[in-house]
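What follows is the content of upload12.csv (CSV, C-alpha atoms and all ligand atoms).
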chain,number,residue,atom,x,y,z
A,1,MET,CA,-53.8,-11.5,19.3
A,2,LYS,CA,-54.8,-13.3,16.2
A,3,ASP,CA,-58.4,-13.7,17.1
A,4,PRO,CA,-60.4,-11.9,14.3
A,5,SER,CA,-62.8,-10.1,16.7
A,6,GLU,CA,-59.8,-8.8,18.7
A,7,GLN,CA,-58.3,-7.5,15.5
A,8,LEU,CA,-61.5,-5.8,14.5
A,9,SER,CA,-61.7,-4.1,17.9
A,10,THR,CA,-58.0,-3.1,17.6
A,11,LYS,CA,-58.7,-1.5,14.2
A,12,ARG,CA,-61.7,0.4,15.6
A,13,VAL,CA,-59.7,1.7,18.5
A,14,LEU,CA,-56.8,2.8,16.2
A,15,VAL,CA,-59.2,4.6,13.9
A,16,SER,CA,-61.1,6.3,16.8
A,17,LEU,CA,-57.8,7.5,18.4
A,18,ILE,CA,-56.5,8.9,15.1
A,19,LYS,CA,-59.7,10.8,14.7
A,20,SER,CA,-59.5,12.1,18.3
A,21,ILE,CA,-55.9,13.2,17.9
A,22,ASP,CA,-57.0,15.3,14.9
A,23,ALA,CA,-60.1,16.7,16.5
A,24,TYR,CA,-58.5,17.7,19.8
A,25,ASN,CA,-55.1,18.7,18.3
A,26,SER,CA,-54.3,22.1,19.9
A,27,LEU,CA,-52.0,22.9,17.0
A,28,LEU,CA,-53.4,21.9,13.7
A,29,LYS,CA,-57.0,21.0,14.2
A,30,ASP,CA,-58.7,19.1,11.3
A,31,HIS,CA,-55.5,19.3,9.2
A,32,HIS,CA,-54.9,15.5,9.3
A,33,ARG,CA,-58.4,14.8,8.1
A,34,ARG,CA,-58.2,17.2,5.2
A,35,VAL,CA,-54.7,16.2,4.1
A,36,THR,CA,-55.8,12.6,4.2
A,37,ALA,CA,-58.7,13.3,1.9
A,38,PHE,CA,-56.5,15.3,-0.5
A,39,ALA,CA,-53.7,12.6,-0.5
A,40,TYR,CA,-56.2,9.8,-1.1
A,41,GLN,CA,-57.7,11.6,-4.1
A,42,LEU,CA,-54.3,12.4,-5.6
A,43,GLY,CA,-53.1,8.9,-5.1
A,44,ALA,CA,-56.3,7.5,-6.7
A,45,GLU,CA,-56.1,9.9,-9.6
A,46,TYR,CA,-52.5,8.8,-10.2
A,47,GLY,CA,-53.6,5.2,-10.2
A,48,LEU,CA,-51.8,3.9,-7.1
A,49,PRO,CA,-52.8,0.4,-6.4
A,50,TYR,CA,-54.9,0.1,-3.2
A,51,LYS,CA,-52.2,-1.4,-1.0
A,52,ARG,CA,-50.0,1.6,-1.7
A,53,LEU,CA,-52.9,4.0,-1.3
A,54,SER,CA,-53.7,2.5,2.1
A,55,LYS,CA,-50.2,3.2,3.3
A,56,LEU,CA,-50.5,6.8,2.1
A,57,VAL,CA,-53.9,7.2,3.8
A,58,ILE,CA,-52.5,6.0,7.2
A,59,ALA,CA,-49.4,8.2,6.9
A,60,ALA,CA,-51.4,11.2,6.0
A,61,SER,CA,-53.8,10.7,8.9
A,62,ILE,CA,-51.0,11.1,11.5
A,63,HIS,CA,-48.2,12.8,9.5
A,64,ASP,CA,-47.8,15.8,11.9
A,65,ILE,CA,-47.8,13.9,15.2
A,66,GLY,CA,-44.3,15.1,15.8
A,67,ALA,CA,-45.2,18.8,15.7
A,68,ILE,CA,-45.2,20.1,19.3
A,69,TYR,CA,-44.8,23.8,19.6
A,70,VAL,CA,-47.0,26.7,18.5
A,71,ALA,CA,-43.9,28.1,16.7
A,72,GLU,CA,-43.8,24.8,14.7
A,73,ARG,CA,-47.4,25.2,13.7
A,74,ASP,CA,-46.7,28.7,12.6
A,75,GLU,CA,-43.8,27.5,10.5
A,76,LEU,CA,-45.7,24.6,9.0
A,77,THR,CA,-48.6,26.9,7.9
A,78,GLN,CA,-46.2,29.1,5.9
A,79,ILE,CA,-45.9,28.7,2.1
A,80,ASP,CA,-42.2,27.8,2.5
A,81,VAL,CA,-41.3,25.7,5.5
A,82,VAL,CA,-37.7,26.5,6.3
A,83,ASN,CA,-37.0,23.8,8.9
A,84,PRO,CA,-39.4,20.9,8.8
A,85,GLU,CA,-37.0,18.4,10.1
A,86,PRO,CA,-37.6,18.6,13.9
A,87,HIS,CA,-41.2,17.5,13.5
A,88,GLU,CA,-40.4,14.9,10.9
A,89,ILE,CA,-37.7,13.3,13.2
A,90,ASN,CA,-39.9,13.5,16.2
A,91,GLY,CA,-42.8,11.9,14.3
A,92,ALA,CA,-40.5,9.1,13.1
A,93,ARG,CA,-39.2,8.6,16.7
A,94,ILE,CA,-42.8,8.2,18.0
A,95,LEU,CA,-43.4,5.4,15.5
A,96,SER,CA,-40.2,3.5,16.1
A,97,GLY,CA,-40.4,-0.1,17.2
A,98,ILE,CA,-44.1,-0.5,16.5
A,99,PRO,CA,-44.3,-3.1,13.7
A,100,THR,CA,-47.5,-2.1,12.0
A,101,PHE,CA,-46.1,1.4,11.5
A,102,GLU,CA,-42.7,0.5,10.3
A,103,ASP,CA,-43.3,1.6,6.7
A,104,ILE,CA,-45.3,4.6,7.8
A,105,ARG,CA,-42.4,5.8,9.9
A,106,ALA,CA,-40.2,6.3,6.8
A,107,VAL,CA,-42.9,8.3,5.2
A,108,ILE,CA,-43.4,10.6,8.2
A,109,ARG,CA,-39.6,11.1,8.4
A,110,HIS,CA,-39.5,12.7,4.9
A,111,HIS,CA,-42.9,14.1,4.3
A,112,HIS,CA,-41.6,17.6,3.5
A,113,VAL,CA,-38.7,16.7,1.3
A,114,ARG,CA,-38.4,18.9,-1.7
A,115,TYR,CA,-37.8,17.3,-5.1
A,116,GLU,CA,-34.9,19.6,-5.8
A,117,ASP,CA,-33.1,18.4,-2.7
A,118,THR,CA,-33.2,14.8,-4.0
A,119,GLN,CA,-31.7,16.1,-7.3
A,120,ARG,CA,-28.9,18.1,-5.7
A,121,GLY,CA,-27.7,15.3,-3.4
A,122,ARG,CA,-29.0,16.9,-0.2
A,123,VAL,CA,-31.3,14.0,0.4
A,124,ASN,CA,-30.8,10.5,-0.9
A,125,PRO,CA,-33.8,9.7,-3.2
A,126,SER,CA,-33.9,6.1,-2.0
A,127,ASP,CA,-34.6,7.3,1.5
A,128,VAL,CA,-37.8,8.9,0.3
A,129,PRO,CA,-40.8,6.5,0.0
A,130,GLU,CA,-43.3,7.2,-2.8
A,131,ALA,CA,-46.0,8.2,-0.4
A,132,CYS,CA,-43.9,11.2,0.7
A,133,TRP,CA,-44.4,12.9,-2.7
A,134,PHE,CA,-48.2,12.6,-2.5
A,135,LEU,CA,-48.3,13.6,1.1
A,136,HIS,CA,-46.1,16.7,0.6
A,137,LEU,CA,-48.4,17.8,-2.2
A,138,ALA,CA,-51.6,17.1,-0.3
A,139,ASP,CA,-50.2,18.9,2.8
A,140,ARG,CA,-49.3,22.0,0.8
A,141,ILE,CA,-52.7,22.1,-0.9
A,142,ASP,CA,-54.3,22.3,2.5
A,143,ILE,CA,-51.9,25.0,3.8
A,144,TYR,CA,-52.0,27.1,0.6
A,145,THR,CA,-55.8,27.1,0.7
A,146,HIS,CA,-55.5,29.5,3.6
A,147,HIS,CA,-53.1,31.7,1.8
A,148,PHE,CA,-55.2,32.5,-1.2
A,149,THR,CA,-58.6,33.2,0.3
A,150,ASP,CA,-58.4,36.9,-0.7
A,151,SER,CA,-57.7,36.3,-4.3
A,152,PRO,CA,-60.6,36.7,-6.8
A,153,ASP,CA,-60.3,33.0,-7.7
A,154,PRO,CA,-58.7,31.3,-4.7
A,155,LYS,CA,-58.7,27.8,-6.2
A,156,GLU,CA,-57.1,28.9,-9.5
A,157,ALA,CA,-54.5,31.0,-7.6
A,158,LEU,CA,-53.6,28.0,-5.5
A,159,ARG,CA,-53.3,25.8,-8.6
A,160,GLN,CA,-51.1,28.4,-10.3
A,161,GLU,CA,-48.8,28.5,-7.3
A,162,ILE,CA,-48.5,24.8,-7.0
A,163,ARG,CA,-48.1,24.3,-10.7
A,164,SER,CA,-45.0,26.6,-10.6
A,165,ARG,CA,-43.4,24.4,-8.0
A,166,PHE,CA,-43.4,21.0,-9.8
A,167,GLY,CA,-39.7,20.1,-10.4
A,168,LYS,CA,-38.7,22.3,-7.4
A,169,ASP,CA,-40.8,21.3,-4.4
A,170,PHE,CA,-42.9,18.6,-5.9
A,171,LEU,CA,-42.3,15.5,-7.9
A,172,PRO,CA,-42.8,16.3,-11.6
A,173,GLU,CA,-44.6,13.0,-12.3
A,174,LEU,CA,-47.5,14.1,-10.1
A,175,LYS,CA,-48.3,17.1,-12.2
A,176,GLY,CA,-50.8,15.4,-14.4
A,177,ALA,CA,-52.7,13.8,-11.5
A,178,PHE,CA,-52.7,17.1,-9.7
A,179,GLU,CA,-54.1,19.0,-12.7
A,180,ARG,CA,-56.8,16.4,-13.4
A,181,ALA,CA,-57.9,16.0,-9.7
A,182,THR,CA,-58.0,19.7,-8.8
A,183,GLU,CA,-59.9,20.9,-11.8
A,184,SER,CA,-62.9,19.1,-10.6
A,185,ALA,CA,-65.1,20.7,-7.9
A,186,GLN,CA,-65.5,17.2,-6.5
A,187,PHE,CA,-61.9,17.3,-5.3
A,188,TRP,CA,-62.6,20.2,-3.0
A,189,TYR,CA,-66.0,19.0,-2.0
A,190,ASN,CA,-64.6,15.7,-1.0
A,191,ALA,CA,-62.1,17.3,1.3
A,192,GLU,CA,-65.0,18.0,3.6
A,193,GLU,CA,-67.3,15.2,2.7
A,194,LEU,CA,-65.2,12.0,2.4
A,195,SER,CA,-65.6,10.0,5.5
A,196,PHE,CA,-62.4,10.0,7.5
A,197,GLN,CA,-63.7,7.0,9.4
A,198,GLU,CA,-64.3,4.9,6.3
A,199,LEU,CA,-61.1,5.8,4.6
A,200,LEU,CA,-59.1,4.9,7.7
A,201,LEU,CA,-60.9,1.7,8.5
A,202,SER,CA,-60.4,0.4,5.0
A,203,ALA,CA,-56.7,1.5,4.9
A,204,VAL,CA,-56.0,0.0,8.3
A,205,ASP,CA,-57.7,-3.2,7.3
A,206,THR,CA,-55.5,-3.5,4.2
A,207,GLU,CA,-52.3,-2.6,6.0
A,208,MET,CA,-52.9,-5.2,8.7
A,209,ARG,CA,-53.6,-7.8,6.2
A,210,GLU,CA,-50.4,-6.9,4.5
A,211,ARG,CA,-48.1,-6.5,7.6
A,212,GLY,CA,-49.8,-8.8,10.0
A,213,PRO,CA,-52.0,-8.2,13.0
A,214,THR,CA,-51.4,-5.5,15.6
A,215,ASP,CA,-52.3,-5.7,19.2
A,216,LEU,CA,-54.1,-3.1,21.3
A,217,GLU,CA,-51.0,-2.6,23.4
A,218,SER,CA,-49.0,-1.4,20.5
A,219,VAL,CA,-51.7,1.0,19.4
A,220,ALA,CA,-52.0,2.3,23.0
A,221,LEU,CA,-48.2,2.7,23.2
A,222,LEU,CA,-48.2,4.8,20.0
A,223,PHE,CA,-50.8,7.2,21.3
A,224,GLY,CA,-49.1,7.3,24.7
A,225,ARG,CA,-45.9,8.4,23.0
A,226,ILE,CA,-47.7,11.1,21.0
A,227,VAL,CA,-48.9,12.6,24.2
A,228,ASP,CA,-45.6,12.2,26.0
A,229,SER,CA,-43.7,13.9,23.3
A,230,LYS,CA,-45.7,17.1,23.9
A,231,SER,CA,-43.3,17.9,26.7
A,232,HIS,CA,-39.6,16.9,26.8
A,233,TRP,CA,-40.0,16.4,30.6
A,234,THR,CA,-42.4,13.5,30.1
A,235,LEU,CA,-41.0,11.7,27.1
A,236,THR,CA,-41.5,8.2,28.6
A,237,HIS,CA,-44.1,9.1,31.3
A,238,SER,CA,-47.1,7.2,30.0
A,239,GLN,CA,-45.0,4.2,29.0
A,240,SER,CA,-43.6,4.0,32.5
A,241,VAL,CA,-47.0,4.5,34.2
A,242,GLY,CA,-48.3,1.6,32.1
A,243,ALA,CA,-45.4,-0.6,33.1
A,244,VAL,CA,-45.5,0.3,36.8
A,245,ALA,CA,-49.3,-0.1,37.0
A,246,GLU,CA,-49.1,-3.6,35.5
A,247,ARG,CA,-46.3,-4.6,37.9
A,248,ILE,CA,-48.3,-3.4,40.9
A,249,ALA,CA,-51.3,-5.4,39.7
A,250,GLN,CA,-49.0,-8.4,39.3
A,251,PHE,CA,-47.8,-8.1,42.9
A,252,MET,CA,-51.4,-7.9,44.0
A,253,GLY,CA,-52.3,-11.1,42.2
A,254,PHE,CA,-54.5,-9.6,39.5
A,255,PRO,CA,-55.3,-11.9,36.5
A,256,GLU,CA,-53.2,-11.3,33.3
A,257,LYS,CA,-56.1,-9.8,31.4
A,258,THR,CA,-56.6,-7.1,33.9
A,259,ARG,CA,-52.9,-6.5,34.1
A,260,ILE,CA,-52.7,-5.9,30.4
A,261,LYS,CA,-55.7,-3.6,30.6
A,262,LEU,CA,-54.0,-1.6,33.3
A,263,ARG,CA,-50.9,-1.3,31.2
A,264,ILE,CA,-53.0,0.1,28.3
A,265,ALA,CA,-54.8,2.4,30.7
A,266,GLY,CA,-51.3,3.7,31.8
A,267,TYR,CA,-50.3,4.3,28.2
A,268,LEU,CA,-53.5,6.2,27.5
A,269,HIS,CA,-54.2,8.0,30.9
A,270,ASP,CA,-53.0,11.4,29.8
A,271,ILE,CA,-54.2,11.2,26.2
A,272,GLY,CA,-56.4,14.3,26.9
A,273,LYS,CA,-53.2,16.4,27.1
A,274,ILE,CA,-53.3,16.4,23.4
A,275,ALA,CA,-55.7,19.3,23.9
A,276,VAL,CA,-53.4,21.2,26.3
A,277,PRO,CA,-51.0,23.6,24.6
A,278,SER,CA,-47.3,22.6,25.0
A,279,GLU,CA,-46.6,26.0,26.5
A,280,ILE,CA,-48.6,25.0,29.6
A,281,LEU,CA,-47.2,21.5,29.8
A,282,GLU,CA,-43.7,22.9,29.5
A,283,LYS,CA,-44.1,25.9,31.8
A,284,PRO,CA,-41.2,26.0,34.3
A,285,GLY,CA,-43.1,27.8,37.1
A,286,PRO,CA,-46.5,27.4,38.8
A,287,LEU,CA,-49.6,27.6,36.5
A,288,ASP,CA,-52.0,30.5,36.9
A,289,GLY,CA,-55.7,29.9,37.4
A,290,ASP,CA,-56.7,29.6,33.8
A,291,GLU,CA,-53.7,27.5,32.9
A,292,LEU,CA,-54.4,25.2,35.8
A,293,ARG,CA,-58.0,24.8,34.6
A,294,LYS,CA,-56.8,23.9,31.1
A,295,MET,CA,-54.3,21.5,32.5
A,296,GLN,CA,-56.8,19.7,34.7
A,297,GLU,CA,-59.2,19.4,31.8
A,298,HIS,CA,-56.9,16.7,30.4
A,299,ALA,CA,-58.4,14.0,32.6
A,300,LEU,CA,-61.9,14.8,31.4
A,301,ILE,CA,-60.8,14.8,27.8
A,302,SER,CA,-58.9,11.5,28.3
A,303,ALA,CA,-62.2,10.0,29.4
A,304,LEU,CA,-64.1,11.6,26.5
A,305,ILE,CA,-61.6,10.4,23.9
A,306,LEU,CA,-61.6,6.8,25.3
A,307,SER,CA,-65.3,6.7,25.5
A,308,GLY,CA,-65.3,7.0,21.7
A,309,SER,CA,-64.8,3.2,21.4
A,310,ASP,CA,-66.7,0.5,23.3
A,311,GLU,CA,-63.6,-1.6,23.4
A,312,LEU,CA,-62.0,0.9,25.8
A,313,ALA,CA,-65.0,1.6,28.1
A,314,GLU,CA,-63.4,0.1,31.2
A,315,ILE,CA,-59.9,1.3,30.4
A,316,GLY,CA,-61.3,4.8,29.8
A,317,ARG,CA,-63.1,4.8,33.1
A,318,TRP,CA,-59.9,4.1,35.0
A,319,ALA,CA,-57.8,6.4,32.8
A,320,GLY,CA,-60.3,9.3,33.2
A,321,SER,CA,-60.2,8.9,37.0
A,322,HIS,CA,-56.4,8.9,37.5
A,323,HIS,CA,-56.6,12.3,39.3
A,324,GLU,CA,-59.6,11.4,41.4
A,325,ARG,CA,-59.1,10.9,45.2
A,326,ARG,CA,-61.1,8.9,47.7
A,327,ASP,CA,-61.7,12.0,49.8
A,328,ARG,CA,-63.2,13.9,46.8
A,329,THR,CA,-60.2,16.3,46.6
A,330,GLY,CA,-59.3,15.1,43.1
A,331,TYR,CA,-60.7,15.9,39.7
A,332,PRO,CA,-62.4,16.1,37.2
A,333,LEU,CA,-65.6,14.7,38.8
A,334,LYS,CA,-64.5,14.7,42.5
A,335,CYS,CA,-66.0,11.2,42.7
A,336,GLY,CA,-65.8,9.6,46.1
A,337,LEU,CA,-65.1,6.2,47.7
A,338,ASP,CA,-68.2,4.5,46.3
A,339,GLN,CA,-66.9,4.8,42.7
A,340,PHE,CA,-63.4,3.8,43.4
A,341,GLU,CA,-62.3,0.5,41.8
A,342,SER,CA,-59.0,-0.9,42.9
A,343,GLU,CA,-57.7,-0.4,39.3
A,344,ILE,CA,-58.2,3.4,39.8
A,345,ASP,CA,-56.0,3.3,43.0
A,346,ILE,CA,-53.3,1.3,41.1
A,347,LEU,CA,-53.3,3.6,38.1
A,348,ALA,CA,-53.4,6.8,40.3
A,349,TYR,CA,-50.6,5.5,42.5
A,350,ALA,CA,-48.5,4.4,39.5
A,351,ASP,CA,-48.9,7.9,38.0
A,352,VAL,CA,-47.8,9.7,41.2
A,353,PHE,CA,-45.0,7.2,41.8
A,354,THR,CA,-43.7,7.7,38.2
A,355,ALA,CA,-44.0,11.5,38.4
A,356,LEU,CA,-42.1,11.8,41.7
A,357,LEU,CA,-39.2,9.8,40.3
A,358,GLU,CA,-39.1,11.7,37.0
A,359,ALA,CA,-37.4,15.2,36.5
A,360,ARG,CA,-39.7,18.2,36.1
A,361,PRO,CA,-38.9,21.7,34.9
A,362,TYR,CA,-38.8,22.9,38.5
A,363,ARG,CA,-37.0,19.9,40.2
A,364,GLU,CA,-34.8,16.9,39.9
A,365,PRO,CA,-36.3,13.3,40.4
A,366,LEU,CA,-37.0,13.0,44.1
A,367,PRO,CA,-34.8,10.7,46.2
A,368,ALA,CA,-36.5,7.4,47.1
A,369,GLU,CA,-37.1,8.3,50.8
A,370,GLU,CA,-38.7,11.6,49.9
A,371,ALA,CA,-40.9,10.0,47.3
A,372,MET,CA,-42.0,7.3,49.8
A,373,THR,CA,-43.0,10.0,52.4
A,374,ILE,CA,-45.2,11.7,49.8
A,375,LEU,CA,-46.8,8.4,48.6
A,376,LYS,CA,-47.4,7.3,52.3
A,377,SER,CA,-49.1,10.6,53.1
A,378,MET,CA,-51.7,9.9,50.5
A,379,CYS,CA,-53.2,6.9,52.2
A,380,PRO,CA,-55.7,5.9,53.3
A,381,ALA,CA,-57.6,9.2,52.9
A,382,LYS,CA,-56.8,9.8,49.2
A,383,LEU,CA,-55.8,6.4,47.8
A,384,SER,CA,-55.8,2.8,48.9
A,385,GLN,CA,-53.7,1.6,51.8
A,386,ASP,CA,-53.3,-1.8,50.2
A,387,VAL,CA,-51.8,-0.4,47.0
A,388,PHE,CA,-49.4,1.7,49.0
A,389,ASN,CA,-48.3,-1.3,51.0
A,390,VAL,CA,-47.4,-3.1,47.8
A,391,ILE,CA,-45.4,-0.1,46.6
A,392,SER,CA,-43.7,0.1,49.9
A,393,ASP,CA,-42.8,-3.6,49.9
A,394,HIS,CA,-41.6,-3.6,46.3
A,395,PHE,CA,-40.3,-0.1,45.9
A,396,PHE,CA,-36.8,-1.2,44.7
A,397,GLU,CA,-38.3,-3.6,42.2
A,398,LEU,CA,-40.6,-1.0,40.8
A,399,GLN,CA,-38.1,1.9,40.6
A,400,PRO,CA,-35.9,0.3,37.9
A,401,ILE,CA,-38.9,-0.1,35.6
A,402,LEU,CA,-38.6,3.6,35.0
A,403,ASN,CA,-35.1,3.2,33.6
A,404,ASP,CA,-36.1,0.1,31.6
A,405,GLU,CA,-38.8,2.1,29.9
A,406,ASN,CA,-36.2,4.8,29.3
A,407,GLU,CA,-34.2,2.3,27.3
A,408,TRP,CA,-36.5,3.2,24.4
A,409,ASP,CA,-34.1,6.1,24.0
A,410,PRO,CA,-36.3,9.0,22.9
A,411,ALA,CA,-33.3,11.3,22.2
A,412,SER,CA,-31.6,8.8,19.9
A,413,ALA,CA,-31.9,9.4,16.2
A,414,MET,CA,-30.0,6.3,15.1
A,415,TYR,CA,-33.0,4.6,13.6
A,416,LEU,CA,-33.9,7.6,11.4
B,1,FE,FE,-45.6,18.3,8.4
B,2,FE,FE,-49.0,18.8,7.7
B,3,FE,FE,-52.7,13.2,34.3

Would you write the structure of this file as structure tokens?
Amino acid sequence: MKDPSEQLSTKRVLVSLIKSIDAYNSLLKDHHRRVTAFAYQLGAEYGLPYKRLSKLVIAASIHDIGAIYVAERDELTQIDVVNPEPHEINGARILSGIPTFEDIRAVIRHHHVRYEDTQRGRVNPSDVPEACWFLHLADRIDIYTHHFTDSPDPKEALRQEIRSRFGKDFLPELKGAFERATESAQFWYNAEELSFQELLLSAVDTEMRERGPTDLESVALLFGRIVDSKSHWTLTHSQSVGAVAERIAQFMGFPEKTRIKLRIAGYLHDIGKIAVPSEILEKPGPLDGDELRKMQEHALISALILSGSDELAEIGRWAGSHHERRDRTGYPLKCGLDQFESEIDILAYADVFTALLEARPYREPLPAEEAMTILKSMCPAKLSQDVFNVISDHFFELQPILNDENEWDPASAMYL
């Protein structure tokens, strides 16, 4: 994908998805946006050249993608974070193998490292990229803001607290930039007013020029992983749905362009789950009424998030309909036969196929025969007979795809 217009649209999609992840984040809403604004200003004040500043901006904009549980959010919002590693490792894992984010991955992996730990041999300083120091400081500025609201002069109290931590938590060389930047009212004003969109577009542009073009598929895969990591039962779900949907489309003779779009739709179909608390996604038993309503909202939110970029209009329509059924028993819109495109049948069947063959908190993966019985019972009333026939004819070619996708070993920490 070296076509400049495709690159432009990939950039726009990337920026739009980063913004959505922040806006819908059920754990730390708006945190990524504010930390990005703080990090950018600190980096600029220090005099970082633009290329290095761009890396910092991108890392800041997604730095907590590895935080999953409410308990983690509670810990991350404390003055002293006792155990930040799980969300750093998880964030780095999500970014692994995606070329454009290779450098960013190392920043996410160590974004809470304390300066003291690099001095006392607990962390090797050469493992900690420069951007980590700016990001850690920016992150704490945002968190501390909430801790000093009752003080007579909250900004000064915050500055005092942070000042006392240079040489312990923070890199001493950043003290001057911190003092200069934070004494101006503009610094705090900009945290709300700087355009997240513009900062990101320009940083992504610089990064792509530096590291080479990125394709839409890699971007979609990244966001699919962010969602999948919200529950350890679904660590490769979206990745598998994308691969299965593409393969079904191939068996059905669809052109390559459509097949790739279906793969992307598979990666992104559950992106709305970013707004569903992990406790609901992980609940081992049946969901109560309210939980079920929240869970089902994810399809609508997927459609909403993907409608944020023109480039994804068609993909978003399919993705947002993956729980619709031809007999209007699905959700969110209960749309009927007249609105069914065959891509929706393929994606919906790929989703059910994958889910049945994956483990869930309440059951093991189903045996092939049992899965086939359930898939068969869905057609022709709920989903297309033609798609079912393809799955039935090629079941044993489709099934191994799930294991292939699992080869991206989510539990492995060897690349960290
Ligand atoms: Fe963090
Ligand atoms: Fe953070
Ligand atoms: Fe779903």

- Can you pull out every residue within 12 Å of Val204 of chain A, counting all atoms listed in the file, but drop anything in the same chain fewer than 2 positions away, and send it as number ranges by chain? A: 7-16, 18, 50-59, 61, 100-101, 104, 196-202, 206-214, 219

- Distance atom CA of Ala355 of chain A-atom CA of Val241 of chain A, one decimal place?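 Taking atom CA of Ala355 of chain A and atom CA of Val241 of chain A, their separation equals 8.7 Å.
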
Extract, using only C-alpha atoms, all DNA, RNA and protein residues at most 8 Å from Ile305 of chain A, discarding same-chain residues fewer than 5 positions from it, and format them as a tab-separated table (two decimals) with C-alpha atoms, keeping the file's coordinate frame.
chain	number	residue	atom	x	y	z
A	17	LEU	CA	-57.80	7.50	18.40
A	20	SER	CA	-59.50	12.10	18.30
A	271	ILE	CA	-54.20	11.20	26.20
A	272	GLY	CA	-56.40	14.30	26.90

So, counting all atoms listed in the file, which residue among A:Gly320, A:Asp153, A:Leu347, A:Arg363 is closest to Pro284 of chain A?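 Of A:Gly320, A:Asp153, A:Leu347, A:Arg363, the one nearest Pro284 of chain A is A:Arg363, counting all atoms listed in the file.
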
Review point. Please, what distance in Å, to one decimal, runs between atom CA of Asp142 of chain A and atom CA of Arg34 of chain A?
Key: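 About the pair atom CA of Asp142 of chain A and atom CA of Arg34 of chain A: they are 7.0 Å apart.
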
Could you list, as number ranges by chain, all the residues within 10 Å of ligand FE 2 (chain B), counting only C-alpha atoms and all ligand atoms? A: 28, 31-32, 34-36, 60-65, 67, 73, 76-77, 84, 87-88, 108, 111-112, 135-143

What is the distance, in Å and to one decimal place, between atom CA of Ser307 of chain A and atom CA of Asp30 of chain A?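 Atom CA of Asp30 of chain A lies at a distance of 20.0 Å from atom CA of Ser307 of chain A.
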
Practice task
Pick out the residues sitting within 9 Å of segment 384-400 of chain A, and hand them over as a list in words; count all atoms listed in the file, and ignore anything fewer than 6 positions along from it in its own chain.
Solution key: Val244, Arg247, Ile248, Ala249, Phe251, Met252, Arg326, Ser342, Asp345, Ile346, Tyr349, Ala350, Phe353, Thr354, Leu357, Ala368, Met372, Leu375, Lys376 and Met378 of chain A

Q. Which one of A:Ile226, A:Leu402, A:Ile315, A:Leu221 sits closest to Arg259 of chain A if you count only C-alpha atoms?
A.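 Looking at the shortest contact to Arg259 of chain A, the residue is A:Ile315.
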
>> Which residue is closest to ligand FE 1 (chain B)? Choose from A:Asp327, A:Glu85, A:Asp215, A:Glu156 and count all atoms listed in the file.
In response: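 Once distances to ligand FE 1 (chain B) are computed over all atoms listed in the file, the minimum belongs to A:Glu85.
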